[in-house]
>>> print(open('input_2.txt').read())   # compact mmCIF, C-alpha atoms
# COMPACT_ATOMS: atom_id res chain seq x y z
CA MET A 1 42.82 36.50 93.39
CA GLY A 2 44.96 39.56 94.11
CA LYS A 3 44.67 43.02 92.62
CA ILE A 4 46.63 45.11 90.17
CA VAL A 5 46.73 48.74 91.29
CA ALA A 6 47.95 51.43 88.89
CA ILE A 7 49.05 54.73 90.39
CA HIS A 8 48.61 57.50 87.86
CA SER A 9 48.38 61.29 87.64
CA TYR A 10 47.85 64.00 85.07
CA LYS A 11 51.00 65.93 85.93
CA GLY A 12 54.44 64.87 87.07
CA GLY A 13 55.72 65.49 90.59
CA THR A 14 52.45 64.63 92.32
CA GLY A 15 54.05 61.93 94.47
CA LYS A 16 53.13 58.79 92.53
CA THR A 17 56.46 57.07 93.09
CA LEU A 18 56.57 57.99 96.79
CA LEU A 19 53.08 56.52 97.22
CA SER A 20 53.83 53.45 95.10
CA VAL A 21 56.99 52.56 97.04
CA ASN A 22 55.50 53.18 100.47
CA LEU A 23 52.17 51.51 99.69
CA SER A 24 53.92 48.39 98.34
CA THR A 25 56.21 48.24 101.38
CA LEU A 26 53.27 48.75 103.71
CA TYR A 27 51.37 45.82 102.16
CA ALA A 28 54.51 43.66 102.35
CA ASN A 29 54.90 44.62 106.03
CA ARG A 30 51.32 43.46 106.56
CA GLY A 31 52.45 40.03 105.33
CA LYS A 32 51.19 40.36 101.77
CA SER A 33 53.09 39.30 98.65
CA VAL A 34 53.66 42.35 96.50
CA ALA A 35 55.32 43.26 93.20
CA LEU A 36 56.09 46.89 92.47
CA LEU A 37 56.68 47.64 88.79
CA ASP A 38 58.22 50.81 87.39
CA LEU A 39 56.35 51.67 84.19
CA ASP A 40 57.70 55.21 83.95
CA PHE A 41 60.13 54.49 81.13
CA ARG A 42 60.79 58.17 80.44
CA ALA A 43 61.96 58.88 83.98
CA PRO A 44 62.77 55.59 85.74
CA SER A 45 63.30 56.11 89.45
CA LEU A 46 62.76 52.89 91.41
CA GLN A 47 66.33 51.66 91.01
CA ALA A 48 67.65 54.75 92.80
CA ILE A 49 64.93 54.82 95.48
CA LEU A 50 65.13 51.10 96.27
CA LYS A 51 68.94 51.23 96.06
CA VAL A 52 69.22 48.21 93.79
CA GLN A 53 72.80 47.99 92.53
CA ASN A 54 72.17 46.02 89.40
CA SER A 55 69.41 44.20 87.67
CA GLU A 56 70.13 41.49 85.10
CA TYR A 57 66.82 42.12 83.36
CA TRP A 58 64.52 45.11 83.36
CA ILE A 59 60.79 45.54 82.82
CA ASN A 60 61.84 46.92 79.41
CA ASP A 61 63.18 43.43 78.60
CA TYR A 62 59.94 41.78 79.65
CA LEU A 63 57.92 44.11 77.41
CA ASN A 64 60.40 43.56 74.59
CA GLY A 65 59.79 39.82 74.81
CA VAL A 66 63.37 39.09 75.87
CA CYS A 67 62.59 37.42 79.22
CA ASP A 68 59.64 36.26 81.28
CA ILE A 69 58.35 38.38 84.14
CA LYS A 70 60.04 36.32 86.86
CA LYS A 71 63.48 37.17 85.46
CA ALA A 72 62.65 40.88 85.47
CA LEU A 73 61.83 40.89 89.19
CA VAL A 74 64.31 41.61 91.99
CA ASP A 75 63.49 40.12 95.39
CA LEU A 76 63.74 42.82 98.09
CA SER A 77 61.98 40.87 100.83
CA GLN A 78 65.12 40.54 102.99
CA THR A 79 66.11 44.19 102.86
CA HIS A 80 62.83 46.07 102.49
CA SER A 81 60.04 44.03 104.05
CA LYS A 82 59.35 43.10 107.67
CA ARG A 83 57.02 40.18 106.97
CA GLY A 84 55.79 39.55 103.43
CA ARG A 85 57.34 39.19 100.02
CA LEU A 86 58.37 42.34 98.17
CA LEU A 87 59.47 42.11 94.53
CA ALA A 88 60.42 44.96 92.27
CA GLY A 89 60.49 45.23 88.48
CA LEU A 90 62.73 48.11 87.50
CA ALA A 91 62.70 50.29 84.42
CA ASN A 92 66.10 50.67 82.79
CA PRO A 93 67.40 54.15 83.71
CA GLY A 94 70.07 54.22 80.95
CA THR A 95 69.75 57.06 78.46
CA GLU A 96 69.85 54.67 75.49
CA ALA A 97 67.04 52.57 76.99
CA ILE A 98 64.91 55.67 77.63
CA ARG A 99 65.48 56.84 74.08
CA GLU A 100 64.62 53.40 72.72
CA MET A 101 61.41 53.16 74.78
CA THR A 102 60.19 56.57 73.62
CA ALA A 103 60.66 55.57 69.97
CA LYS A 104 58.40 52.51 70.06
CA ASP A 105 55.70 52.23 67.42
CA ARG A 106 52.01 51.44 67.84
CA LYS A 107 52.44 47.78 67.01
CA TRP A 108 54.97 47.41 69.80
CA GLU A 109 52.66 49.23 72.20
CA MET A 110 49.88 46.82 71.30
CA LYS A 111 52.15 43.86 72.11
CA ALA A 112 53.22 45.57 75.32
CA LEU A 113 49.56 45.86 76.29
CA GLY A 114 49.17 42.10 75.75
CA ARG A 115 52.18 41.43 77.97
CA LEU A 116 50.87 43.72 80.71
CA LEU A 117 47.45 42.08 80.55
CA SER A 118 49.07 38.67 80.95
CA LEU A 119 50.55 39.78 84.32
CA LYS A 120 47.22 38.97 85.93
CA ALA A 121 47.71 35.29 85.09
CA SER A 122 51.45 35.15 85.79
CA LEU A 123 51.84 37.33 88.89
CA LEU A 124 48.45 37.04 90.56
CA GLY A 125 47.63 33.55 89.27
CA GLU A 126 50.80 31.44 89.03
CA MET A 127 52.93 33.34 91.57
CA GLY A 128 49.98 33.96 93.89
CA LEU A 129 50.84 37.59 94.64
CA ASP A 130 48.32 39.67 96.56
CA TYR A 131 49.15 43.03 94.98
CA VAL A 132 50.88 44.30 91.88
CA VAL A 133 51.49 48.04 92.10
CA LEU A 134 52.19 49.82 88.82
CA ASP A 135 54.05 53.12 89.11
CA THR A 136 53.12 54.86 85.85
CA SER A 137 54.31 57.85 83.89
CA PRO A 138 52.11 60.95 84.11
CA GLY A 139 49.53 62.06 81.55
CA LEU A 140 48.18 60.36 78.47
CA GLN A 141 51.11 58.30 77.28
CA TYR A 142 51.08 54.81 75.85
CA SER A 143 52.82 53.22 78.83
CA SER A 144 50.46 54.82 81.34
CA ILE A 145 47.28 54.02 79.40
CA ASN A 146 48.51 50.44 78.91
CA ALA A 147 48.96 50.25 82.69
CA ILE A 148 45.47 51.64 83.30
CA VAL A 149 43.85 49.12 80.95
CA SER A 150 45.76 46.27 82.67
CA ALA A 151 44.88 47.37 86.21
CA ASP A 152 41.94 46.37 88.39
CA ILE A 153 42.08 49.62 90.36
CA VAL A 154 43.42 53.03 89.36
CA LEU A 155 44.53 55.50 91.99
CA VAL A 156 44.74 59.01 90.59
CA VAL A 157 47.07 61.30 92.49
CA CYS A 158 46.39 65.01 92.19
CA GLY A 159 48.02 68.07 93.69
CA MET A 160 46.40 71.41 94.53
CA ASP A 161 47.53 73.02 91.29
CA ILE A 162 44.48 74.19 89.27
CA SER A 163 45.91 72.85 85.98
CA ASP A 164 46.45 69.48 87.64
CA MET A 165 42.85 69.44 88.90
CA LYS A 166 41.41 70.39 85.49
CA GLY A 167 43.57 67.79 83.76
CA THR A 168 42.54 65.13 86.27
CA GLN A 169 38.86 65.96 85.66
CA ARG A 170 39.40 65.51 81.92
CA MET A 171 41.11 62.17 82.48
CA ILE A 172 38.22 61.00 84.66
CA GLU A 173 35.75 61.71 81.85
CA GLU A 174 37.88 60.77 78.86
CA LEU A 175 40.01 57.92 80.14
CA TYR A 176 39.06 56.09 83.33
CA GLU A 177 35.31 56.17 82.69
CA LEU A 178 35.74 55.03 79.07
CA PHE A 179 37.63 51.97 80.25
CA GLU A 180 35.11 51.44 83.08
CA LYS A 181 37.91 51.33 85.64
CA LYS A 182 37.45 51.17 89.37
CA THR A 183 39.04 54.53 90.17
CA GLY A 184 39.83 56.35 93.40
CA LEU A 185 41.27 59.82 93.90
CA VAL A 186 44.10 60.80 96.20
CA MET A 187 44.90 64.44 96.84
CA ASN A 188 48.52 64.86 97.82
CA LYS A 189 50.45 67.72 99.38
CA VAL A 190 47.30 69.35 100.77
CA PHE A 191 47.90 72.37 103.04
CA ALA A 192 47.38 71.60 106.71
CA ASP A 193 44.97 74.54 107.26
CA ILE A 194 42.63 73.15 104.60
CA LEU A 195 42.67 69.70 106.18
CA GLY A 196 41.91 71.26 109.56
CA SER A 197 38.56 72.61 108.37
CA LYS A 198 35.76 70.22 107.46
CA ASP A 199 34.14 72.77 105.13
CA GLN A 200 37.37 73.58 103.31
CA ARG A 201 38.10 69.86 102.91
CA ALA A 202 34.67 69.30 101.39
CA ASP A 203 35.10 72.34 99.11
CA LEU A 204 38.43 71.05 97.85
CA ALA A 205 37.01 67.56 97.23
CA ASN A 206 34.04 69.03 95.33
CA LYS A 207 36.33 71.24 93.29
CA LEU A 208 38.31 68.21 92.12
CA LEU A 209 35.51 65.71 91.79
CA ASN A 210 33.27 68.20 89.96
CA SER A 211 30.18 66.15 88.99
CA SER A 212 31.97 62.80 89.12
CA ASN A 213 30.97 60.34 91.83
CA LEU A 214 34.40 58.75 92.22
CA PRO A 215 35.52 58.10 95.77
CA MET A 216 38.06 60.42 97.40
CA ILE A 217 40.34 57.80 98.92
CA GLU A 218 42.54 60.13 100.94
CA MET A 219 43.77 63.69 101.34
CA ILE A 220 47.42 63.56 102.28
CA PRO A 221 48.91 66.58 104.03
CA CYS A 222 52.00 68.31 102.71
CA PHE A 223 54.93 67.28 104.93
CA CYS A 224 58.12 69.30 104.75
CA ASP A 225 60.24 66.38 106.00
CA ILE A 226 59.04 64.21 103.13
CA LEU A 227 60.07 66.87 100.65
CA LYS A 228 63.39 67.30 102.49
CA SER A 229 64.12 63.56 102.40
CA GLY A 230 64.56 63.84 98.63
CA GLY A 231 63.11 60.40 97.97
CA VAL A 232 65.85 58.63 99.93
CA THR A 233 63.66 57.55 102.85
CA ILE A 234 61.09 54.77 102.67
CA PHE A 235 58.96 56.25 105.43
CA VAL A 236 56.98 53.07 106.08
CA ASN A 237 60.18 51.33 107.24
CA GLU A 238 62.33 54.14 108.51
CA ASN A 239 59.75 56.31 110.22
CA PRO A 240 56.67 54.14 110.88
CA GLU A 241 55.23 56.57 113.41
CA HIS A 242 55.22 59.43 110.92
CA PRO A 243 51.71 60.86 110.27
CA PHE A 244 52.25 60.21 106.55
CA VAL A 245 52.52 56.47 107.31
CA LYS A 246 49.34 56.60 109.40
CA THR A 247 47.51 58.23 106.48
CA LEU A 248 48.94 55.65 104.09
CA ASP A 249 47.88 52.83 106.40
CA ARG A 250 44.28 54.08 106.25
CA MET A 251 44.55 54.41 102.48
CA ALA A 252 45.85 50.83 102.11
CA THR A 253 42.87 49.52 104.08
CA THR A 254 40.45 51.48 101.88
CA ILE A 255 42.06 50.07 98.73
CA GLU A 256 41.77 46.54 100.12
CA LYS A 257 38.01 47.04 100.35
CA LEU A 258 37.58 48.50 96.84
CA MET B 1 -13.66 28.98 79.02
CA SER B 2 -11.18 28.19 76.25
CA LEU B 3 -8.33 25.76 76.83
CA PRO B 4 -4.74 26.96 76.12
CA ARG B 5 -3.78 26.18 72.53
CA ARG B 6 -1.29 23.35 72.18
CA VAL B 7 1.68 24.15 69.92
CA ASP B 8 2.65 21.13 67.93
CA PRO B 9 6.37 20.08 67.81
CA ILE B 10 6.70 20.90 64.09
CA SER B 11 5.63 24.51 64.70
CA THR B 12 8.06 24.80 67.63
CA THR B 13 10.96 23.62 65.44
CA LEU B 14 9.88 25.98 62.67
CA LEU B 15 9.68 28.93 65.05
CA GLN B 16 13.11 28.08 66.44
CA LYS B 17 14.54 28.01 62.89
CA ILE B 18 12.92 31.36 62.08
CA LYS B 19 14.42 32.85 65.26
CA GLU B 20 17.89 31.56 64.35
CA CYS B 21 17.57 33.02 60.84
CA LEU B 22 16.46 36.38 62.24
CA ASP B 23 19.40 36.39 64.69
CA SER B 24 21.79 35.63 61.85
CA LEU B 25 20.20 38.34 59.69
CA ASN B 26 20.50 40.81 62.55
CA GLU B 27 24.22 40.04 62.96
CA LYS B 28 24.80 40.51 59.22
CA MET B 29 22.95 43.83 59.20
CA GLU B 30 24.99 45.09 62.16
CA VAL B 31 28.16 44.23 60.23
CA MET B 32 26.90 45.98 57.08
CA ILE B 33 26.01 49.13 59.04
CA GLU B 34 29.47 49.15 60.58
CA ILE B 35 31.14 48.67 57.17
CA GLN B 36 29.19 51.63 55.79
CA LYS B 37 30.27 53.78 58.75
CA HIS B 38 33.84 52.59 58.44
CA GLU B 39 34.07 53.21 54.68
CA GLN B 40 34.06 56.93 55.41
CA HIS B 41 37.48 56.64 57.05
CA THR B 42 38.97 53.53 55.49
CA ILE B 43 42.58 52.72 56.20
CA PRO B 44 44.65 53.34 53.04
CA ASP B 45 45.57 50.29 50.95
CA GLY B 46 43.59 48.02 53.24
CA ILE B 47 46.45 47.78 55.74
CA PRO B 48 44.93 46.50 58.98
CA ASP B 49 45.08 48.96 61.82
CA VAL B 50 46.54 48.14 65.21
CA LEU B 51 44.41 47.59 68.29
CA ASP B 52 46.50 49.67 70.67
CA VAL B 53 45.16 51.75 73.56
CA MET B 54 44.73 54.88 71.43
CA THR B 55 42.58 52.88 69.00
CA LEU B 56 40.63 51.46 71.94
CA LEU B 57 39.96 55.02 73.11
CA SER B 58 38.70 56.01 69.66
CA LEU B 59 36.23 53.11 69.33
CA PRO B 60 32.55 53.61 70.18
CA ASP B 61 31.68 52.48 73.71
CA HIS B 62 29.97 49.23 72.67
CA LEU B 63 32.93 48.07 70.55
CA ARG B 64 35.52 49.20 73.10
CA LYS B 65 33.98 46.99 75.76
CA THR B 66 34.13 43.98 73.42
CA ALA B 67 37.69 44.78 72.28
CA VAL B 68 39.06 45.28 75.82
CA THR B 69 37.42 42.05 76.94
CA LEU B 70 38.94 40.16 74.01
CA CYS B 71 42.37 41.67 74.78
CA LYS B 72 42.06 40.32 78.33
CA LEU B 73 40.87 36.87 77.23
CA ASP B 74 43.45 36.59 74.42
CA HIS B 75 41.59 33.94 72.35
CA ALA B 76 37.84 33.70 72.89
CA THR B 77 34.52 32.71 71.36
CA ALA B 78 31.61 35.16 71.24
CA ASP B 79 30.08 33.13 74.04
CA GLU B 80 33.14 33.60 76.27
CA VAL B 81 33.23 37.35 75.59
CA ALA B 82 29.50 37.55 76.34
CA GLY B 83 30.16 35.77 79.65
CA GLN B 84 32.42 38.65 80.68
CA THR B 85 30.47 41.59 79.28
CA LYS B 86 27.08 40.22 80.40
CA ARG B 87 25.64 40.98 76.96
CA ALA B 88 23.89 38.53 74.63
CA ARG B 89 26.05 36.13 72.63
CA ALA B 90 24.49 37.28 69.35
CA VAL B 91 25.30 40.91 70.20
CA GLU B 92 28.94 40.07 70.99
CA SER B 93 29.20 37.97 67.86
CA GLY B 94 28.05 41.01 65.84
CA TYR B 95 30.52 43.33 67.55
CA LEU B 96 33.42 40.87 67.19
CA ASN B 97 32.68 40.47 63.48
CA GLN B 98 32.64 44.26 63.13
CA LEU B 99 36.09 44.38 64.74
CA VAL B 100 37.26 41.65 62.31
CA LEU B 101 36.04 43.70 59.35
CA MET B 102 37.73 46.79 60.73
CA GLY B 103 41.00 44.85 60.72
CA TYR B 104 41.60 44.95 64.49
CA VAL B 105 40.69 41.37 65.31
CA LYS B 106 41.34 38.00 63.63
CA LYS B 107 38.91 35.12 63.43
CA GLU B 108 39.61 31.42 63.05
CA ARG B 109 37.39 28.37 62.99
CA ARG B 110 38.12 25.33 65.14
CA GLY B 111 35.51 22.73 64.32
CA ARG B 112 32.14 24.35 64.78
CA LYS B 113 33.42 27.16 66.99
CA ALA B 114 34.71 30.53 65.82
CA TYR B 115 37.56 31.96 67.89
CA PHE B 116 38.49 35.63 67.89
CA TYR B 117 41.90 37.03 68.85
CA VAL B 118 44.16 40.07 68.58
CA GLU B 119 47.25 39.26 66.54
CA ARG B 120 50.23 40.30 68.63
CA GLU B 121 52.89 37.73 69.25
CA GLU B 122 53.66 36.50 65.76
CA ASN B 123 56.62 38.80 65.53
CA GLN B 124 58.24 37.79 68.79
CA ASN B 125 61.59 37.20 67.08
CA GLU B 126 61.29 40.52 65.30
CA MET B 127 60.83 42.19 68.72
CA LYS B 128 63.93 40.48 70.09
CA GLU B 129 65.96 41.47 67.04
CA SER B 130 64.93 45.10 67.32
CA TRP B 131 65.84 45.04 71.02
CA GLU B 132 69.25 43.46 70.33
CA LYS B 133 70.01 46.16 67.75
>>> encode(input="input_2.txt", output="structure tokens")
Amino acid sequence: MGKIVAIHSYKGGTGKTLLSVNLSTLYANRGKSVALLDLDFRAPSLQAILKVQNSEYWINDYLNGVCDIKKALVDLSQTHSKRGRLLAGLANPGTEAIREMTAKDRKWEMKALGRLLSLKASLLGEMGLDYVVLDTSPGLQYSSINAIVSADIVLVVCGMDISDMKGTQRMIEELYELFEKKTGLVMNKVFADILGSKDQRADLANKLLNSSNLPMIEMIPCFCDILKSGGVTIFVNENPEHPFVKTLDRMATTIEKL
Amino acid sequence: MSLPRRVDPISTTLLQKIKECLDSLNEKMEVMIEIQKHEQHTIPDGIPDVLDVMTLLSLPDHLRKTAVTLCKLDHATADEVAGQTKRARAVESGYLNQLVLMGYVKKERRGRKAYFYVEREENQNEMKESWEK
């Protein structure tokens, strides 16, 4: 059976969506069947990044019990994948939908958890997908914790900001470990001079990992051209020789083995 | 040299019955301990609480593992939960009954088997209505 991978972080702006989109595309280009789901209902972004004009149903509708998961998926295999199947479940970016999703009560969140847990049977079981990538909202919010509980693997993306590192350490102890999740860390936007020195790399990893024995999956350098692209470019397709793609390729292989 | 003592079949049956009674007693005591702990922060008016992720986080480790497993399995017997958690059936039965008493989990009997589940989908129409509004 395939795997559900949740991409999470303590703070916003760490590069979760960039990694989710490129990782999903990379797996699809390897011939895998992949579904990428936007679970960041407060700041939906996949519709803009994947340039999907319209979606009849959203992931919001699936969680609201309005449609089944198949109806909430858009097939992007023709336009975004070189070999495999790439499906996307988009979060509704309308202001009213965002407002509505932030006002949900605990009972609704419990039902939403049930629906997310059932994705294992529907997407990995019935549809036979190899990967479901969940792009989550940052921090300790219902939607992100629901995603973590539903996932097989959690990738935690952390920047070099000290508050981000401290927050990530707290989440390791108070969230991922409590749910006994298979968790890997990814440091993003790391300065090139740090990556150039073995000692500095080890220092940085120790600083983040503290006493935890979680694996450091990858340290991704800070690339100015990625920042300049403004989220418009899917690097895996448009610039496959870019060092970011090479790093991501290595990361994808590590995740496969987790 | 003394020969090993032969246990007669009546004694074996009796011992088996005693073991079952002790297991059952143990389960009941676990439930009573949990009720006593829970009485200190009882939910007002007996309204059952909701087993959402924040509740899962607040549960003690042993109950969280059982609750998360049940959420994944949807409907399950103590035996099925024990198959996933790799803990003894009697232990899981005790934990599941504690969750029932805490109001997070429902229990129903089908023949001789007791099934546990988290009540979620009964208000499917209610969800649709709220969405349509």
>>> residues_around(input="input_2.txt", residues="range 85-91 of chain A", least_positions_apart="6", cutoff="10 Å", atoms="only C-alpha atoms", output="ChimeraX atom specification")
/A:21,24-48,50,52,54-55,57-62,69-79,97-98,129-134
>>> residues_around(input="input_2.txt", residues="range 11-24 of chain B", least_positions_apart="4", cutoff="7 Å", atoms="all atoms listed in the file", output="list in words")
Val7, Lys28 and Ala90 of chain B
>>> residues_around(input="input_2.txt", residues="range 50-55 of chain B", least_positions_apart="5", cutoff="8 Å", atoms="all atoms listed in the file", output="JSON list (two decimals) with C-alpha atoms, in the coordinates of the input")
[["chain", "number", "residue", "atom", "x", "y", "z"],
["A", 106, "ARG", "CA", 52.01, 51.44, 67.84],
["A", 107, "LYS", "CA", 52.44, 47.78, 67.01],
["A", 109, "GLU", "CA", 52.66, 49.23, 72.20],
["A", 110, "MET", "CA", 49.88, 46.82, 71.30],
["A", 113, "LEU", "CA", 49.56, 45.86, 76.29],
["A", 142, "TYR", "CA", 51.08, 54.81, 75.85],
["A", 145, "ILE", "CA", 47.28, 54.02, 79.40],
["A", 146, "ASN", "CA", 48.51, 50.44, 78.91],
["A", 149, "VAL", "CA", 43.85, 49.12, 80.95],
["B", 103, "GLY", "CA", 41.00, 44.85, 60.72],
["B", 104, "TYR", "CA", 41.60, 44.95, 64.49],
["B", 105, "VAL", "CA", 40.69, 41.37, 65.31],
["B", 118, "VAL", "CA", 44.16, 40.07, 68.58]]
>>> atom_distance(input="input_2.txt", atom1="CA of Ala103 in chain A", atom2="CA of Ser58 in chain B")
22.0 Å
>>> closest_residue(input="input_2.txt", among="A:Asn213, A:Ser20, A:Ser9, A:Ser118", to="Ser144 in chain A", atoms="all atoms listed in the file")
A:Ser9
>>> atom_distance(input="input_2.txt", atom1="CA of Lys181 in chain A", atom2="CA of Asp152 in chain A")
7.0 Å
>>> closest_residue(input="input_2.txt", among="A:Glu238, A:Glu180, A:Asp68, A:Asp161", to="chain B", atoms="all atoms listed in the file")
A:Glu180
>>> closest_residue(input="input_2.txt", among="A:Gly184, A:Asn206, A:Leu140, A:Phe223", to="Thr254 in chain A", atoms="only C-alpha atoms")
A:Gly184
>>> closest_residue(input="input_2.txt", among="B:Arg89, B:Lys65, B:Lys113, B:Lys106", to="chain A", atoms="only C-alpha atoms")
B:Lys65
>>> residues_around(input="input_2.txt", residues="Met216 in chain A", least_positions_apart="4", cutoff="9 Å", atoms="all atoms listed in the file", output="tab-separated table (two decimals) with C-alpha atoms, in the frame of the given file")
chain	number	residue	atom	x	y	z
A	184	GLY	CA	39.83	56.35	93.40
A	185	LEU	CA	41.27	59.82	93.90
A	186	VAL	CA	44.10	60.80	96.20
A	187	MET	CA	44.90	64.44	96.84
A	205	ALA	CA	37.01	67.56	97.23
A	209	LEU	CA	35.51	65.71	91.79
>>> atom_distance(input="input_2.txt", atom1="CA of Asp61 in chain B", atom2="CA of Glu256 in chain A")
28.9 Å
>>> residues_around(input="input_2.txt", residues="range 94-101 of chain B", least_positions_apart="4", cutoff="7 Å", atoms="only C-alpha atoms", output="ChimeraX atom specification")
/B:27,30-31,34,63,66,90,105-107
>>> write_last_selection(input="input_2.txt", atoms="C-alpha atoms", output="PDB file, in the frame of the given file")
ATOM      1  CA  GLU B  27      24.220  40.040  62.960  1.00  0.00           C
ATOM      2  CA  GLU B  30      24.990  45.090  62.160  1.00  0.00           C
ATOM      3  CA  VAL B  31      28.160  44.230  60.230  1.00  0.00           C
ATOM      4  CA  GLU B  34      29.470  49.150  60.580  1.00  0.00           C
ATOM      5  CA  LEU B  63      32.930  48.070  70.550  1.00  0.00           C
ATOM      6  CA  THR B  66      34.130  43.980  73.420  1.00  0.00           C
ATOM      7  CA  ALA B  90      24.490  37.280  69.350  1.00  0.00           C
ATOM      8  CA  VAL B 105      40.690  41.370  65.310  1.00  0.00           C
ATOM      9  CA  LYS B 106      41.340  38.000  63.630  1.00  0.00           C
ATOM     10  CA  LYS B 107      38.910  35.120  63.430  1.00  0.00           C
TER      11      LYS B 107
END
>>> axis_aligned_box(input="input_2.txt", around="range 49-66 of chain B", padding_each_side="6 Å", output="AutoDock Vina command-line options")
--center_x 38.3 --center_y 50.0 --center_z 68.8 --size_x 28.6 --size_y 24.0 --size_z 25.9
>>> decode(input="input_2.txt", residues="range 2-32 of chain A", atoms="C-alpha atoms", output="mmCIF file, in the first residue's frame")
data_model
loop_
_atom_site.group_PDB
_atom_site.id
_atom_site.type_symbol
_atom_site.label_atom_id
_atom_site.label_comp_id
_atom_site.auth_asym_id
_atom_site.auth_seq_id
_atom_site.Cartn_x
_atom_site.Cartn_y
_atom_site.Cartn_z
ATOM 1 C CA GLY A 2 1.048 3.597 -0.646
ATOM 2 C CA LYS A 3 1.879 6.283 1.873
ATOM 3 C CA ILE A 4 0.251 9.440 3.137
ATOM 4 C CA VAL A 5 2.850 12.155 3.697
ATOM 5 C CA ALA A 6 1.919 15.312 5.622
ATOM 6 C CA ILE A 7 4.143 18.342 5.175
ATOM 7 C CA HIS A 8 3.959 20.540 8.240
ATOM 8 C CA SER A 9 5.838 23.346 9.980
ATOM 9 C CA TYR A 10 5.631 25.451 13.110
ATOM 10 C CA LYS A 11 5.716 28.781 11.307
ATOM 11 C CA GLY A 12 4.343 29.954 7.986
ATOM 12 C CA GLY A 13 6.569 30.763 5.015
ATOM 13 C CA THR A 14 8.935 27.837 5.529
ATOM 14 C CA GLY A 15 8.337 26.465 2.026
ATOM 15 C CA LYS A 16 5.788 23.726 2.731
ATOM 16 C CA THR A 17 3.724 24.400 -0.378
ATOM 17 C CA LEU A 18 6.781 24.688 -2.630
ATOM 18 C CA LEU A 19 8.017 21.329 -1.322
ATOM 19 C CA SER A 20 4.569 19.709 -1.510
ATOM 20 C CA VAL A 21 3.996 20.729 -5.133
ATOM 21 C CA ASN A 22 7.486 19.829 -6.332
ATOM 22 C CA LEU A 23 7.669 16.573 -4.370
ATOM 23 C CA SER A 24 4.280 15.435 -5.725
ATOM 24 C CA THR A 25 5.278 16.337 -9.287
ATOM 25 C CA LEU A 26 8.612 14.590 -8.866
ATOM 26 C CA TYR A 27 6.922 11.355 -7.739
ATOM 27 C CA ALA A 28 4.460 11.615 -10.646
ATOM 28 C CA ASN A 29 7.389 12.121 -13.043
ATOM 29 C CA ARG A 30 8.887 8.923 -11.634
ATOM 30 C CA GLY A 31 5.726 7.143 -12.795
ATOM 31 C CA LYS A 32 3.949 7.079 -9.450
#
